[in-house]
Number of protein chains: 2
Amino acid sequence: MLDRMTTVDHLRQVRLGNLRTVLLALVDKPGSRADLAARTGLTKATLSNLAEPLLANGILIEDAATLAGMGRPSKPLRFHPDGPVAVGAEINVSHLAVETIGLDGETICRRLVPTDIRTSTAAEVLDRVAELVREITPPRPVLGVGLAVPGVVHDGVLVRAPNLPKLVGEPLADALGRRLDLDVELDNEANLAALAHLWPRHLAGEDFVHVSADVGIGAGIVLGGEVYRGASGFAGELGHVVIERNGVRCTCGSRGCVERYAGLDVILKEAGRRRLDSLAKALDAGDAKVLQAVRDAGQALGVGLATLMNLFDVPTVVLGGSYAVLHEHLSAAVQSEMDTRVLAGGERHTRLVASPLGEFAVVRGAAGLITRRAVQQPERLFA
Amino acid sequence: MLDRMTTVDHLRQVRLGNLRTVLLALVDKPGSRADLAARTGLTKATLSNLAEPLLANGILIEDAATLAGMGRPSKPLRFHPDGPVAVGAEINVSHLAVETIGLDGETICRRLVPTDIRTSTAAEVLDRVAELVREITPPRPVLGVGLAVPGVVHDGVLVRAPNLPKLVGEPLADALGRRLDLDVELDNEANLAALAHLWPRHLAGEDFVHVSADVGIGAGIVLGGEVYRGASGFAGELGHVVIERNGVRCTCGSRGCVERYAGLDVILKEAGRRRLDSLAKALDAGDAKVLQAVRDAGQALGVGLATLMNLFDVPTVVLGGSYAVLHEHLSAAVQSEMDTRVLAGGERHTRLVASPLGEFAVVRGAAGLITRRAVQQPERLFA
DNA sequence: GCACTAAGTTCAAGCATTGAACGAATGAGG
DNA sequence: CCTCATTCGTTCAATGCTTGAACTTAGTGC
C-alpha cells in the first residue's frame, strides 16, 4: 500500500478523468462546448472550464461561430491543425514503414519502404528508421513514437523474434529514443495491428481477436477495450497453439503448432508460389492447387481459433495482414471449423470479418498507441 | 456517456474506496487504527472517521486495550464475531455442499452430502440446497449466497451443463433466492475454485490458472486479481481445447478435445477403476496400468495447458479437484509437456502447484464471492 | 425593434481527506 | 508518587473541482 492520495489529489484525478472524457468525445467528432457537455454528461460550466487550458495550450482550436438555427451560435471545438502529432514506425523483415497522425487519428504523412533488413545490424536499422521518421515529421509538437516489431516485447526490449535474430536483446526503444530525442514505446506488431482496429475508431465494437500471418502467426487480443499482453508480453501466441500433439516439429521445440500449417510461408510453399501477390492472382484465376493450400491453412487456423475462443470467449475474429488479402478464399474453412468446435450456448455467436485497414494497419496502431496514451493521460498534453 | 457524477459523488467514491482499502487490510489481519493507518497509507484521522460507522453497524468490534510497550495502548479492530456472514453452496453431480464464512474468511460451519441428483428436478435440488443452507446458517446477518454449478453460467442462468441437463435453462439464482429470501449469485465451479485460491488469501501470488477435472475439465483463469469470465461466461473451457484435430470425437461436436484424453472419466476407464479413491490407492500401490493411465492424461493435459499458457501468458498453474489428488503422479508429465511447448524467453518461468484446499475449495470460493463483493462494495454492509 | 432561443460564463455551496495541534493512556525512572 | 517520554486516537480549519442556478452574449423570426 504505497498510494498516498490526498483528497486534493483525488479531485485532480477527477479533473483529469473529465478531461479524458472530453478528449474522447472530441476524437469521436468535434463539437461546441454545449454539444460536448451533452455528449459527456458534464455541465456546460465544467466544459468551459476544461476547454480553457486546452485552447490556451494549442491542443484545441475554436472554430468561427456556426450560424445554425435559433439562439446564440455555437463555436465548435476541434483538435488544433498545428497541434501535437504522434509517430508510428514499423520494423519488419521485408519492409520499414512510418506514419504520422494527429490526435484525431487522421493520417498526416506515411511511407512504406521495402527493405530486407535481415542482414543489417540494429544500429543500421535504427538509423534508417530515425531518418524516415524525420522525413515525415511535420513542424508540430511530437508526443512520441510507437515502434512495432515482429516479436515478443518486454520492458522496451525485443525478447523473442525468430525472424529478426540480430535485433533480439537490443534496447530498441531507448536506442531509437536517443536518436530522435523522443519518447519511444516498443510493442508487438500483432498487438498494434489489433490496436489499430480499436483506436481511434472501434471497428469491431467489442472484444475481438485480430489474427495476422506475416512472419509467424500473431493474435492481438482485445479485452474490455484494452490489448491484453499477459504477464510477460507473451500473450496471444496463436502460432504456437497445438492442433496435433504429435504433428510436424516446430522451430519452437513443440510439435503440431498452428504456424506449421497456416503460416504464410507454409501456404506459399504448398501453393508453389514465392510471393503473396502471385498467390492472390492464382487464387483469383481459380488455380486448384493454390485454392487447396489456402483451404488447408484455413482449416488449421480455424482449429486454433476455436481453441482460442473456447479459452477467451471472445465473440469476434478480425483477419488481418495476409489473411485479410486471402480472406475471400480462407474464411469458409475457418468459419466451418469454428462452427463445429466452438462451444455454443444461448445467444452466443461468433463473427469472422476481414480487416479493412490494409498494409498500414500496424504503423497506424503504433502511432495510435501514442495518441491514445496522450488522451488517456491528458497531463501529457501539457508537458 | 450516461455517467453523471457530481464532485460530491466522486468524493463519496473516494470514501468508499478508502473503506475498501481498510477492510482489505483487516481481512489480511486485525489491527489498531494507528496500525491500519500505517498499512493503508491513510492518516489516523481518516481511519478514526472510517472506523466509526463500521463499529456502529456491528461490522467491526474494538478489542480491549492491549498493553504492549510504551505509549497509550492500542485498541485493535477486527471483524465482529456476530457480524455478517456469507454462504457458499455447491450443486454437483454426486454431491451437495454448503459452507458459511465470516468476513475474515474463517469457516463457521460446513457440510458435504453425497447425493446423486441426476434424476432430480431443479425444484427438488433447490429445496434440498435451501434446507442445507438453513441448517448451517448461524443467527447472524447474511450477506448473500454464492451458488456453484458445474457448467457455463450467464446472467444467473445455467446455460450449458452436459452433466446436469435437468438444470439447464433454469433461473437457479432467482429460484434459490426466493426460497431463502436472500441474494444468490450463480457461478461456474471452475471460476469459484479459482477464486478460493485468490480470496481471502492469495495462495498463488499473481495471475494463475486453476484446473480441475470433476465433471469435464474446467479452468478458472485469474488475471490481474480477477476471475476472467469472458463475454458470455464461456471463458476457460480448457476441456474443449483441441490437441488432435482429427482425434477422438467429443460430445461437443468437435474432435480431439483435451477432455477426451484427460477427463476423470477417461482416466478411470483406462485404469479400469470406478472411483477416484480406488484409483488413488492403486497409484500408491504402484499399479503399472493405472500409473500409465494417469501419465497419459497428464501428457494430454500438459499439451492443453501449454496452449493455454501460450495464449494467456500466465505464469502459474494450480492443479485442483481430482487433479490435486493425483498430482504426485500427474505433475511430471504435465510439466514436461509445458516445458517443451510453452514459449520461453528471458526470465520467463512456469510454475505448477497442487491446490491445498481439498474438497471444500468450490464452496469456499462460492462463499468468498459474497464476502469479496461486500468488501469491494462496502456500501453493501450498511444495507 | 422586440420577443425568443440557445451558447457560454460566473459564483457560492458542498464534501472527504489532510496535517498539525491536542487530549488520553500507559511505562520508565527517580 | 510524580514527571517525562511515548504512542494512540480525536478535533478542526483548509483545500480544490464540479454543480446548478442565475446571468450575459449573440444570434433568428416576425
# chains A, B, ... in the order shown; residues from 1 in each chain; ligands from 1

$ select_by_dssp --residues "stretch 148-303 of chain B" --states "helix (DSSP H, G or I)" --output "PyMOL selection string"
chain B and resi 165-167+172-180+189-196+238-240+259-262+264-271+276-285+288-303

$ interface_residues --of "chain B" --to "chain D" --cutoff "8 Å" --atoms "only C-alpha atoms (C1' of nucleotides)" --output "VMD selection string"
chain B and resid 6 to 8 33 to 34 44 to 45 48 70 to 74

$ residues_around --residues "A:Arg134" --least-positions-apart "6" --cutoff "10 Å" --atoms "only C-alpha atoms (C1' of nucleotides)" --output "list in words"
Val87, Val98, Arg128 and Leu180 of chain A

$ interface_residues --of "chain C" --to "chain B" --cutoff "8 Å" --atoms "only C-alpha atoms (C1' of nucleotides)" --output "short mmCIF file (atom, residue, chain, number, x, y, z; two decimals) with C-alpha atoms (C1' of nucleotides), in the first residue's frame"
data_model
loop_
_atom_site.label_atom_id
_atom_site.label_comp_id
_atom_site.auth_asym_id
_atom_site.auth_seq_id
_atom_site.Cartn_x
_atom_site.Cartn_y
_atom_site.Cartn_z
"C1'" DG C 14 -20.77 21.16 -0.85
"C1'" DC C 15 -17.61 17.07 0.87
"C1'" DA C 16 -13.70 13.70 2.44
"C1'" DT C 17 -9.07 13.90 3.39
"C1'" DT C 18 -5.16 16.08 5.39
"C1'" DA C 24 -5.69 10.44 26.54
"C1'" DA C 25 -3.45 6.48 28.43
"C1'" DT C 26 0.31 3.96 29.62
"C1'" DG C 27 5.69 2.66 31.11
#

$ residues_around --residues "stretch 160-169 of chain B" --least-positions-apart "5" --cutoff "10 Å" --atoms "only C-alpha atoms (C1' of nucleotides)" --output "ChimeraX atom specification"
/A:343-346 /B:91-93,117-123,125,149-154,188,215-216,234,251-252

$ write_last_selection --atoms "N, CA and C atoms" --output "PDB file, in the first residue's frame"
ATOM      1  N   LEU A 343     -17.733 -23.936 -28.455  1.00  0.00           N
ATOM      2  CA  LEU A 343     -18.891 -24.271 -27.642  1.00  0.00           C
ATOM      3  C   LEU A 343     -19.955 -23.199 -27.810  1.00  0.00           C
ATOM      4  N   ALA A 344     -21.152 -23.631 -28.082  1.00  0.00           N
ATOM      5  CA  ALA A 344     -22.229 -22.669 -28.272  1.00  0.00           C
ATOM      6  C   ALA A 344     -23.231 -22.799 -27.140  1.00  0.00           C
ATOM      7  N   GLY A 345     -23.921 -21.737 -26.868  1.00  0.00           N
ATOM      8  CA  GLY A 345     -24.945 -21.774 -25.835  1.00  0.00           C
ATOM      9  C   GLY A 345     -25.707 -20.478 -25.860  1.00  0.00           C
ATOM     10  N   GLY A 346     -27.002 -20.539 -25.606  1.00  0.00           N
ATOM     11  CA  GLY A 346     -27.801 -19.323 -25.586  1.00  0.00           C
ATOM     12  C   GLY A 346     -27.669 -18.558 -26.883  1.00  0.00           C
TER      13      GLY A 346
ATOM     14  N   ILE B  91     -23.811 -27.239  -6.080  1.00  0.00           N
ATOM     15  CA  ILE B  91     -24.614 -28.331  -6.636  1.00  0.00           C
ATOM     16  C   ILE B  91     -23.723 -29.078  -7.593  1.00  0.00           C
ATOM     17  N   ASN B  92     -23.481 -30.363  -7.306  1.00  0.00           N
ATOM     18  CA  ASN B  92     -22.662 -31.116  -8.235  1.00  0.00           C
ATOM     19  C   ASN B  92     -23.327 -32.451  -8.537  1.00  0.00           C
ATOM     20  N   VAL B  93     -22.773 -33.169  -9.488  1.00  0.00           N
ATOM     21  CA  VAL B  93     -23.418 -34.389  -9.958  1.00  0.00           C
ATOM     22  C   VAL B  93     -23.575 -35.405  -8.830  1.00  0.00           C
ATOM     23  N   ILE B 117     -27.893 -36.415  -7.912  1.00  0.00           N
ATOM     24  CA  ILE B 117     -29.013 -35.534  -8.243  1.00  0.00           C
ATOM     25  C   ILE B 117     -29.395 -35.618  -9.708  1.00  0.00           C
ATOM     26  N   ARG B 118     -28.785 -36.549 -10.437  1.00  0.00           N
ATOM     27  CA  ARG B 118     -29.009 -36.559 -11.879  1.00  0.00           C
ATOM     28  C   ARG B 118     -30.473 -36.790 -12.250  1.00  0.00           C
ATOM     29  N   THR B 119     -31.196 -37.502 -11.392  1.00  0.00           N
ATOM     30  CA  THR B 119     -32.596 -37.785 -11.721  1.00  0.00           C
ATOM     31  C   THR B 119     -33.547 -36.753 -11.110  1.00  0.00           C
ATOM     32  N   SER B 120     -33.017 -35.858 -10.292  1.00  0.00           N
ATOM     33  CA  SER B 120     -33.892 -34.906  -9.603  1.00  0.00           C
ATOM     34  C   SER B 120     -34.241 -33.715 -10.481  1.00  0.00           C
ATOM     35  N   THR B 121     -35.390 -33.139 -10.182  1.00  0.00           N
ATOM     36  CA  THR B 121     -35.774 -31.909 -10.869  1.00  0.00           C
ATOM     37  C   THR B 121     -35.066 -30.730 -10.211  1.00  0.00           C
ATOM     38  N   ALA B 122     -35.098 -29.616 -10.901  1.00  0.00           N
ATOM     39  CA  ALA B 122     -34.471 -28.412 -10.355  1.00  0.00           C
ATOM     40  C   ALA B 122     -35.102 -28.056  -9.012  1.00  0.00           C
ATOM     41  N   ALA B 123     -36.417 -28.152  -8.938  1.00  0.00           N
ATOM     42  CA  ALA B 123     -37.106 -27.776  -7.699  1.00  0.00           C
ATOM     43  C   ALA B 123     -36.649 -28.642  -6.535  1.00  0.00           C
ATOM     44  N   VAL B 125     -33.828 -30.297  -6.188  1.00  0.00           N
ATOM     45  CA  VAL B 125     -32.447 -29.976  -5.813  1.00  0.00           C
ATOM     46  C   VAL B 125     -32.396 -28.688  -5.004  1.00  0.00           C
ATOM     47  N   VAL B 149     -22.134 -24.221  -9.713  1.00  0.00           N
ATOM     48  CA  VAL B 149     -22.662 -25.326 -10.512  1.00  0.00           C
ATOM     49  C   VAL B 149     -21.623 -25.741 -11.556  1.00  0.00           C
ATOM     50  N   PRO B 150     -21.643 -27.006 -11.958  1.00  0.00           N
ATOM     51  CA  PRO B 150     -20.678 -27.482 -12.944  1.00  0.00           C
ATOM     52  C   PRO B 150     -21.163 -27.197 -14.350  1.00  0.00           C
ATOM     53  N   GLY B 151     -21.019 -25.968 -14.794  1.00  0.00           N
ATOM     54  CA  GLY B 151     -21.465 -25.632 -16.137  1.00  0.00           C
ATOM     55  C   GLY B 151     -21.286 -24.165 -16.405  1.00  0.00           C
ATOM     56  N   VAL B 152     -21.659 -23.767 -17.609  1.00  0.00           N
ATOM     57  CA  VAL B 152     -21.497 -22.377 -18.001  1.00  0.00           C
ATOM     58  C   VAL B 152     -22.687 -21.563 -17.521  1.00  0.00           C
ATOM     59  N   VAL B 153     -22.376 -20.414 -16.919  1.00  0.00           N
ATOM     60  CA  VAL B 153     -23.404 -19.580 -16.321  1.00  0.00           C
ATOM     61  C   VAL B 153     -23.418 -18.231 -17.003  1.00  0.00           C
ATOM     62  N   HIS B 154     -24.608 -17.721 -17.244  1.00  0.00           N
ATOM     63  CA  HIS B 154     -24.717 -16.371 -17.810  1.00  0.00           C
ATOM     64  C   HIS B 154     -25.974 -15.723 -17.256  1.00  0.00           C
ATOM     65  N   ASN B 188     -19.883 -20.581 -12.147  1.00  0.00           N
ATOM     66  CA  ASN B 188     -19.242 -21.819 -12.547  1.00  0.00           C
ATOM     67  C   ASN B 188     -18.311 -22.332 -11.448  1.00  0.00           C
ATOM     68  N   VAL B 215     -16.290 -33.024 -13.306  1.00  0.00           N
ATOM     69  CA  VAL B 215     -17.072 -33.372 -14.484  1.00  0.00           C
ATOM     70  C   VAL B 215     -16.546 -32.445 -15.566  1.00  0.00           C
ATOM     71  N   GLY B 216     -16.038 -33.006 -16.616  1.00  0.00           N
ATOM     72  CA  GLY B 216     -15.378 -32.180 -17.620  1.00  0.00           C
ATOM     73  C   GLY B 216     -14.084 -31.631 -17.051  1.00  0.00           C
ATOM     74  N   PHE B 234     -18.188 -18.165 -21.095  1.00  0.00           N
ATOM     75  CA  PHE B 234     -17.639 -19.393 -21.650  1.00  0.00           C
ATOM     76  C   PHE B 234     -16.115 -19.481 -21.538  1.00  0.00           C
ATOM     77  N   THR B 251     -18.378 -35.088 -27.286  1.00  0.00           N
ATOM     78  CA  THR B 251     -19.817 -34.805 -27.209  1.00  0.00           C
ATOM     79  C   THR B 251     -20.146 -33.395 -27.663  1.00  0.00           C
ATOM     80  N   CYS B 252     -19.138 -32.519 -27.659  1.00  0.00           N
ATOM     81  CA  CYS B 252     -19.394 -31.119 -28.015  1.00  0.00           C
ATOM     82  C   CYS B 252     -19.488 -30.948 -29.531  1.00  0.00           C
TER      83      CYS B 252
END

$ residues_around --residues "A:Asn57" --least-positions-apart "4" --cutoff "10 Å" --atoms "only C-alpha atoms (C1' of nucleotides)" --output "number ranges by chain"
A: 52-53, 61, 80, 83, 381-383

$ write_last_selection --atoms "C-alpha atoms" --output "PDB file, in the first residue's frame"
ATOM      1  CA  GLU A  52      -9.829  26.764 -21.417  1.00  0.00           C
ATOM      2  CA  PRO A  53      -6.356  25.223 -20.861  1.00  0.00           C
ATOM      3  CA  ILE A  61      -8.944  25.407 -31.634  1.00  0.00           C
ATOM      4  CA  HIS A  80      -5.719  22.257 -33.484  1.00  0.00           C
ATOM      5  CA  GLY A  83      -1.372  20.643 -32.510  1.00  0.00           C
ATOM      6  CA  LEU A 381      -0.518  17.198 -23.329  1.00  0.00           C
ATOM      7  CA  PHE A 382       0.616  19.988 -21.033  1.00  0.00           C
ATOM      8  CA  ALA A 383       4.242  18.929 -20.754  1.00  0.00           C
TER       9      ALA A 383
END

$ select_by_dssp --residues "stretch 11-152 of chain B" --states "strand (DSSP E)" --output "VMD selection string"
chain B and resid 60 to 62 77 to 79 85 to 91 95 to 102 107 to 114 142 to 149 152

$ write_last_selection --atoms "N, CA and C atoms" --output "compact mmCIF listing (two decimals), in the first residue's frame"
# COMPACT_ATOMS: atom_id res chain seq x y z
N LEU B 60 -17.45 -4.19 12.70
CA LEU B 60 -16.19 -4.36 13.42
C LEU B 60 -16.44 -4.32 14.92
N ILE B 61 -15.45 -4.79 15.66
CA ILE B 61 -15.52 -4.70 17.11
C ILE B 61 -14.16 -4.22 17.60
N GLU B 62 -14.21 -3.45 18.69
CA GLU B 62 -12.98 -2.90 19.24
C GLU B 62 -12.56 -3.78 20.41
N LEU B 77 -8.89 -3.35 16.10
CA LEU B 77 -10.19 -3.55 15.46
C LEU B 77 -10.17 -4.89 14.72
N ARG B 78 -11.28 -5.61 14.79
CA ARG B 78 -11.39 -6.82 13.97
C ARG B 78 -12.85 -7.03 13.61
N PHE B 79 -13.11 -8.01 12.74
CA PHE B 79 -14.48 -8.25 12.35
C PHE B 79 -15.28 -8.76 13.54
N VAL B 85 -22.30 -12.75 7.70
CA VAL B 85 -21.68 -13.95 7.15
C VAL B 85 -22.09 -14.12 5.69
N ALA B 86 -21.38 -14.98 5.00
CA ALA B 86 -21.73 -15.33 3.63
C ALA B 86 -21.86 -16.83 3.52
N VAL B 87 -22.75 -17.25 2.62
CA VAL B 87 -22.99 -18.68 2.44
C VAL B 87 -22.48 -19.11 1.08
N GLY B 88 -21.80 -20.24 1.04
CA GLY B 88 -21.43 -20.86 -0.21
C GLY B 88 -22.20 -22.15 -0.38
N ALA B 89 -22.66 -22.44 -1.58
CA ALA B 89 -23.36 -23.69 -1.82
C ALA B 89 -22.89 -24.26 -3.15
N GLU B 90 -22.83 -25.57 -3.23
CA GLU B 90 -22.39 -26.21 -4.46
C GLU B 90 -23.36 -27.31 -4.85
N ILE B 91 -23.81 -27.24 -6.08
CA ILE B 91 -24.61 -28.33 -6.64
C ILE B 91 -23.72 -29.08 -7.59
N HIS B 95 -22.71 -34.75 -5.39
CA HIS B 95 -22.82 -34.25 -4.03
C HIS B 95 -23.34 -32.82 -3.98
N LEU B 96 -23.84 -32.47 -2.80
CA LEU B 96 -24.17 -31.08 -2.49
C LEU B 96 -23.25 -30.66 -1.34
N ALA B 97 -22.88 -29.41 -1.34
CA ALA B 97 -22.03 -28.93 -0.25
C ALA B 97 -22.40 -27.51 0.10
N VAL B 98 -22.26 -27.17 1.38
CA VAL B 98 -22.54 -25.81 1.83
C VAL B 98 -21.49 -25.41 2.85
N GLU B 99 -21.27 -24.10 2.96
CA GLU B 99 -20.35 -23.60 3.97
C GLU B 99 -20.69 -22.15 4.27
N THR B 100 -20.56 -21.79 5.55
CA THR B 100 -20.71 -20.38 5.90
C THR B 100 -19.37 -19.86 6.38
N ILE B 101 -19.06 -18.63 5.96
CA ILE B 101 -17.82 -17.99 6.40
C ILE B 101 -18.10 -16.57 6.85
N GLY B 102 -17.21 -16.04 7.70
CA GLY B 102 -17.31 -14.65 8.11
C GLY B 102 -16.54 -13.77 7.15
N THR B 107 -14.01 -20.31 8.34
CA THR B 107 -15.15 -21.21 8.23
C THR B 107 -15.96 -21.19 9.52
N ILE B 108 -17.28 -21.03 9.37
CA ILE B 108 -18.15 -21.09 10.54
C ILE B 108 -18.77 -22.48 10.64
N CYS B 109 -19.21 -22.98 9.51
CA CYS B 109 -19.87 -24.29 9.51
C CYS B 109 -19.86 -24.83 8.09
N ARG B 110 -19.70 -26.13 7.91
CA ARG B 110 -19.70 -26.70 6.57
C ARG B 110 -20.32 -28.09 6.56
N ARG B 111 -20.84 -28.45 5.40
CA ARG B 111 -21.46 -29.77 5.23
C ARG B 111 -21.22 -30.23 3.80
N LEU B 112 -20.95 -31.52 3.64
CA LEU B 112 -20.85 -32.09 2.31
C LEU B 112 -21.69 -33.36 2.30
N VAL B 113 -22.69 -33.40 1.44
CA VAL B 113 -23.64 -34.51 1.42
C VAL B 113 -23.60 -35.23 0.08
N PRO B 114 -23.08 -36.44 0.03
CA PRO B 114 -23.10 -37.21 -1.23
C PRO B 114 -24.54 -37.43 -1.66
N VAL B 142 -26.97 -12.19 7.08
CA VAL B 142 -26.43 -12.94 5.94
C VAL B 142 -26.31 -12.02 4.73
N LEU B 143 -25.12 -11.94 4.19
CA LEU B 143 -24.85 -11.04 3.07
C LEU B 143 -25.37 -11.58 1.75
N GLY B 144 -25.46 -12.90 1.65
CA GLY B 144 -25.91 -13.49 0.40
C GLY B 144 -25.38 -14.90 0.26
N VAL B 145 -25.74 -15.50 -0.86
CA VAL B 145 -25.36 -16.88 -1.12
C VAL B 145 -24.64 -16.96 -2.45
N GLY B 146 -23.49 -17.62 -2.47
CA GLY B 146 -22.82 -17.93 -3.71
C GLY B 146 -23.16 -19.37 -4.08
N LEU B 147 -23.60 -19.57 -5.32
CA LEU B 147 -24.02 -20.91 -5.72
C LEU B 147 -23.16 -21.40 -6.87
N ALA B 148 -22.51 -22.54 -6.65
CA ALA B 148 -21.61 -23.09 -7.66
C ALA B 148 -22.28 -24.24 -8.40
N VAL B 149 -22.13 -24.22 -9.71
CA VAL B 149 -22.66 -25.33 -10.51
C VAL B 149 -21.62 -25.74 -11.56
N VAL B 152 -21.66 -23.77 -17.61
CA VAL B 152 -21.50 -22.38 -18.00
C VAL B 152 -22.69 -21.56 -17.52

$ closest_residue --among "A:Gly368, A:Gly230, A:Gly256, A:Pro171" --to "chain B" --atoms "only C-alpha atoms"
A:Gly230

$ closest_residue --among "A:Val227, A:Val22, A:Val241, A:Val129" --to "chain B" --atoms "only C-alpha atoms"
A:Val241
